[in-house]
Every structure is written in structure tokens, then in C-alpha cells.
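Novice: One structure, as C-alpha cells, below. Some questions next.
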Amino acid sequence: MKLKERLYRFRSFWIFPLLAVLLLYVTFRSETQAGLLNLVWLFPLGLLIWSLLEYGLHRFVFHIRFKVQNPRLRDVLNASHLSHHAAPRDPTKLLVDPVYGLAISAALFGLLLIAFGDAARAVGAMVGVWAGFLYYEAVHYRVHMNLPGSGLIAWQRRAHFYHHFTNRDRCFGVTTPVWDYVFRTELPRSRR
Ligand SMILES: [Zn+2]
Ligand SMILES: [Zn+2]
């Protein structure tokens with residue numbers, strides 16, 4: 001794959017980090033050391049929020065067949081997920097459109113701003129969310145496009161392929177099965 005193609009396919013992997021650095025710089029520039037230390041809990045909080053989003057979006061939004069005529073818009077609304085289910089090994093339908101990611105991010109950022117009443121804290125948590133999102137993208141891509149590995153990635157592949165090829169109502173978490181266990185949609189014992 002040419003560099004240009006690679007940069008385009010994996011554009012989330014530079015768009016979101018750039019945005020994170022920019023927003024961190026703008027909001028944390030004038031923070032005291034104590035303010036900076038907030039990142040110690042904001043970042044993990046963001047990761048936790050991401051894990052819930054990964055589960056919730058996949059379970060309740062990505063599988064909706066939106067009744068809109070325009071196929072491009074339909075793909076945007078369910079993050080190309082139904083197209084991905086139709087062609088699981090098509091790398092062009094595997095990753096989330098950054099436009100979708102940015103729209104969800106803007107909504108979430110608004111909520112975080114309301115919750116914290118402070119832009120720096122909202123940014124701190126957002127950076128954790130984006131880190132979780134990019135980890136999800138990397139895992140999802142590897143699960144479909146790389147040869148079977150071992151350890152954690154093999155486990156993630158087993159659960160995700162069960163979701164794809166056996167039961168769409170199970171295993172909504174791709175990076176972690178935690179919320180599947182909480183909401184009773186985990187991989188059946190016989191498949192582990
Ligand atoms: Zn799915
Ligand atoms: Zn998949």
C-alpha cells in the first residue's frame with residue numbers, strides 16, 4: 001500500500017492525536033501543576049467512558065438499518081457497520097469514518113463540559129476516550145486483517161468472530177468483554 005493510501009485509510013490515527021495535542025496545549029497551558037495532575041484520573045476515566053461507548057454504540061446504534069435513501073448517509077449513520085458485516089474482510093469498510101468519530105466526539109465533549117464545568121477537565125477525559133477509540137480501531141483491524149495470533153488478540157478474535165458469524169446479539173465489546181459480562185451478552189462458555 002502506498003504511503004498516501006495508508007495515510008488516508010488510517011487517518012483517524014493522526015487526526016485524533018493531533019487534535020488531542022492541540023486541545024491539551026490550549027487548555028492546559030495555563031494550568032497549575034495540581035491541574036495537570038488531574039490527567040492521572042481523567043485519562044483512565046476517558047478509557048472507561050470509551051469502553052461503554054464501544055459496547056453501547058455497537059449494540060444499540062451500529063446495527064440499526066436507518067431508513068434513509070442516500071447510501072452514503074446510511075453508512076455514516078451506522079458507521080458503515082452493516083456494510084462491514086456484509087464484507088468483513090473489506091479494509092475500506094472496517095474503520096470508522098472520522099466524520100462520525102468527530103460528530104460523536106463533539107456531542108460527548110459538550111456533555112463532559114456540562115458535567116465538569118471546566119474545559120481542561122473535559123479535554124483530559126476526551127483524550128482518554130480517543131486513546132480507547134484508537135485502540136479499538138487497531139484491534140478491530142488486526143482481528144479481521146491479520147493472521148490468527150495468540151494470547152489477547154486471539155481471544156478478541158474468537159469473541160468478535162462469534163459476533164460476526166454465529167450470533168449478532170452477542171459479544172458487542174471488541175477490545176474488552178467487561179460490558180458483555182455486565183449486560184449478559186458474553187461469549188457462551190462452550191466457545192471460550
Ligand atoms: Zn456488529
Ligand atoms: Zn468486525
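Every chain in the C-alpha cells has a letter given in the order shown (A, B, ...), and although residue numbers restart at 1 in each chain, ligands are simply numbered from 1 in the order shown.
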Hey, what's within 12 Å of Ser190 in chain A if we count only C-alpha atoms and toss same-chain stuff fewer than 5 positions away? As a VMD selection string, please?

Specialist: chain A and resid 158 to 159 162

Novice: May I have the residues from that selection written out with N, CA and C atoms, as a compact mmCIF listing (two decimals), in the first residue's frame?

Specialist:
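Listed below is the output, part.txt:
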```txt
# COMPACT_ATOMS: atom_id res chain seq x y z
N ARG A 158 -11.74 -14.45 18.67
CA ARG A 158 -12.72 -15.51 18.89
C ARG A 158 -14.09 -14.89 19.23
N ALA A 159 -14.07 -13.93 20.15
CA ALA A 159 -15.34 -13.31 20.56
C ALA A 159 -15.95 -12.51 19.41
N TYR A 162 -17.36 -14.70 16.71
CA TYR A 162 -18.62 -15.29 17.18
C TYR A 162 -19.75 -14.29 16.89
```

Novice: Counting only C-alpha atoms and all ligand atoms, which protein, DNA or RNA residues come within 8 Å of ligand 1, given as a ChimeraX atom specification?

Specialist: /A:58-59,62-63,81-82,85,163-164,168,172

Novice: Looking at A:Leu94, A:Leu112, A:Ala154, A:Ile104, which one is nearest to ligand 2, with distances taken over only C-alpha atoms and all ligand atoms?

Specialist: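 Among the listed residues, A:Leu94 lies closest to ligand 2.
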
Novice: Ranking A:Ala103, A:Leu24, A:Ala34, A:Ala138 by minimum distance to ligand 2 and counting only C-alpha atoms and all ligand atoms, which one comes first?

Specialist: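 Among the listed residues, A:Ala138 lies closest to ligand 2.
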
Novice: From the set A:Gly173, A:Gly35, A:Gly101, A:Pro44, which residue has the shortest atom-to-atom contact distance to ligand 2, counting only C-alpha atoms and all ligand atoms?

Specialist: A:Gly173

Novice: Find the spatial neighbours of Asp75 in chain A, counting only C-alpha atoms, within a cut-off of 10 Å - ignore same-chain residues fewer than 4 positions away - and output them as a list of chain:residue names.

Specialist: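 Listed by chain and then number, they are A:Phe62, A:Arg65, A:Phe66, A:Val68, A:Asn70, A:Pro71, A:Ala79, A:Ser80, A:His81, A:Leu82, A:Ser83, A:His84, A:Lys93, A:Val96, A:Asp97, A:Tyr100.
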
Novice: Go ahead and save the picked residues with N, CA and C atoms, as a PDB file, in the first residue's frame.

Specialist:
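After the write, again.pdb holds the following:
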```
ATOM      1  N   PHE A  62     -25.038   0.817  15.825  1.00  0.00           N
ATOM      2  CA  PHE A  62     -24.396   0.327  14.605  1.00  0.00           C
ATOM      3  C   PHE A  62     -25.244  -0.694  13.846  1.00  0.00           C
ATOM      4  N   ARG A  65     -30.831  -0.449  10.912  1.00  0.00           N
ATOM      5  CA  ARG A  65     -30.927  -0.226   9.465  1.00  0.00           C
ATOM      6  C   ARG A  65     -31.678   1.091   9.263  1.00  0.00           C
ATOM      7  N   PHE A  66     -30.950   2.207   9.192  1.00  0.00           N
ATOM      8  CA  PHE A  66     -31.579   3.521   9.084  1.00  0.00           C
ATOM      9  C   PHE A  66     -32.346   3.646   7.774  1.00  0.00           C
ATOM     10  N   VAL A  68     -32.927   5.721   5.360  1.00  0.00           N
ATOM     11  CA  VAL A  68     -32.621   6.891   4.532  1.00  0.00           C
ATOM     12  C   VAL A  68     -32.205   6.391   3.158  1.00  0.00           C
ATOM     13  N   ASN A  70     -30.155   7.831   0.818  1.00  0.00           N
ATOM     14  CA  ASN A  70     -28.752   8.011   0.442  1.00  0.00           C
ATOM     15  C   ASN A  70     -27.847   6.972   1.123  1.00  0.00           C
ATOM     16  N   PRO A  71     -27.229   6.065   0.327  1.00  0.00           N
ATOM     17  CA  PRO A  71     -26.413   5.006   0.938  1.00  0.00           C
ATOM     18  C   PRO A  71     -25.202   5.558   1.693  1.00  0.00           C
ATOM     19  N   ALA A  79     -22.047   4.018  11.008  1.00  0.00           N
ATOM     20  CA  ALA A  79     -20.589   3.876  10.988  1.00  0.00           C
ATOM     21  C   ALA A  79     -20.144   2.749  10.046  1.00  0.00           C
ATOM     22  N   SER A  80     -20.834   2.566   8.926  1.00  0.00           N
ATOM     23  CA  SER A  80     -20.533   1.528   7.917  1.00  0.00           C
ATOM     24  C   SER A  80     -20.598   0.132   8.504  1.00  0.00           C
ATOM     25  N   HIS A  81     -21.235  -0.009   9.653  1.00  0.00           N
ATOM     26  CA  HIS A  81     -21.138  -1.289  10.339  1.00  0.00           C
ATOM     27  C   HIS A  81     -21.873  -2.417   9.620  1.00  0.00           C
ATOM     28  N   LEU A  82     -23.028  -2.100   9.023  1.00  0.00           N
ATOM     29  CA  LEU A  82     -23.753  -3.164   8.311  1.00  0.00           C
ATOM     30  C   LEU A  82     -23.005  -3.542   7.038  1.00  0.00           C
ATOM     31  N   SER A  83     -22.383  -2.552   6.398  1.00  0.00           N
ATOM     32  CA  SER A  83     -21.534  -2.859   5.238  1.00  0.00           C
ATOM     33  C   SER A  83     -20.363  -3.725   5.686  1.00  0.00           C
ATOM     34  N   HIS A  84     -19.859  -3.430   6.867  1.00  0.00           N
ATOM     35  CA  HIS A  84     -18.748  -4.220   7.404  1.00  0.00           C
ATOM     36  C   HIS A  84     -19.190  -5.660   7.665  1.00  0.00           C
ATOM     37  N   LYS A  93     -14.159  -0.850   4.655  1.00  0.00           N
ATOM     38  CA  LYS A  93     -15.379  -0.729   5.471  1.00  0.00           C
ATOM     39  C   LYS A  93     -15.131  -1.072   6.929  1.00  0.00           C
ATOM     40  N   VAL A  96     -13.887   3.184  11.317  1.00  0.00           N
ATOM     41  CA  VAL A  96     -14.945   4.186  11.473  1.00  0.00           C
ATOM     42  C   VAL A  96     -14.558   5.467  10.712  1.00  0.00           C
ATOM     43  N   ASP A  97     -15.522   6.030   9.995  1.00  0.00           N
ATOM     44  CA  ASP A  97     -15.284   7.292   9.294  1.00  0.00           C
ATOM     45  C   ASP A  97     -14.992   8.381  10.338  1.00  0.00           C
ATOM     46  N   TYR A 100     -17.739  10.593  11.495  1.00  0.00           N
ATOM     47  CA  TYR A 100     -18.610  10.017  12.518  1.00  0.00           C
ATOM     48  C   TYR A 100     -17.962  10.173  13.896  1.00  0.00           C
TER      49      TYR A 100
END
```

Novice: For Ile49 in chain A, which residue out of A:Leu22, A:Leu36, A:Ala125, A:Val143 is the nearest one, using only C-alpha atoms?

Specialist: A:Ala125

Novice: Extract, using only C-alpha atoms, all DNA, RNA and protein residues at most 10 Å from Pro188 in chain A, discarding same-chain residues fewer than 2 positions from it, and format them as number ranges by chain.

Specialist: A: 159, 162, 170-171, 184-186, 190-192

Novice: Within 7 Å of range 9-15 of chain A, counting only C-alpha atoms, which residues qualify if same-chain residues fewer than 3 places away don't, as a VMD selection string?

Specialist: chain A and resid 5 to 6 18 to 19 98 134

Novice: Could you write those residues out with N, CA and C atoms, as a CSV table (one decimal), in the first residue's frame?

Specialist:
```
chain,number,residue,atom,x,y,z
A,5,GLU,N,-2.1,6.3,0.4
A,5,GLU,CA,-3.3,5.4,0.7
A,5,GLU,C,-3.3,5.1,2.2
A,6,ARG,N,-2.2,4.8,2.7
A,6,ARG,CA,-2.0,4.4,4.2
A,6,ARG,C,-2.5,5.6,5.1
A,18,LEU,N,-3.5,14.5,16.8
A,18,LEU,CA,-3.2,15.9,16.5
A,18,LEU,C,-4.2,16.8,17.3
A,19,LEU,N,-5.4,16.4,17.2
A,19,LEU,CA,-6.5,17.2,17.9
A,19,LEU,C,-6.2,17.2,19.4
A,98,PRO,N,-13.9,9.1,10.2
A,98,PRO,CA,-13.5,10.1,11.2
A,98,PRO,C,-14.6,11.2,11.4
A,134,LEU,N,-8.9,4.6,19.4
A,134,LEU,CA,-7.9,4.2,18.5
A,134,LEU,C,-7.4,2.8,18.8
```

Novice: Figure out the distance between CA of Ala20 in chain A and CA of Gln156 in chain A, please, to one decimal in Å.

Specialist: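 Rounded to one decimal, the two atoms are 27.2 Å apart.
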
Novice: Which residues in range 53-147 of chain A does DSSP call helix (DSSP H, G or I)? List them as a VMD selection string.

Specialist: chain A and resid 53 to 60 71 to 77 81 to 86 91 to 93 98 to 116 119 to 145

Novice: Which residue out of A:Phe28, A:Tyr55, A:Trp155, A:Trp130 has the minimum interatomic distance to Tyr181 in chain A when only C-alpha atoms are used?

Specialist: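 The answer is A:Tyr55, which sits nearest to Tyr181 in chain A.
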
Novice: By how many Å are CA of Gln33 in chain A and CA of Val129 in chain A apart?

Specialist: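 Interatomic distance here is 22.6 Å.
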
Novice: Which one of A:Tyr141, A:Glu54, A:Gly149, A:Phe133 sits closest to ligand 2 if you count only C-alpha atoms and all ligand atoms?

Specialist: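 The closest residue to ligand 2 is A:Tyr141.
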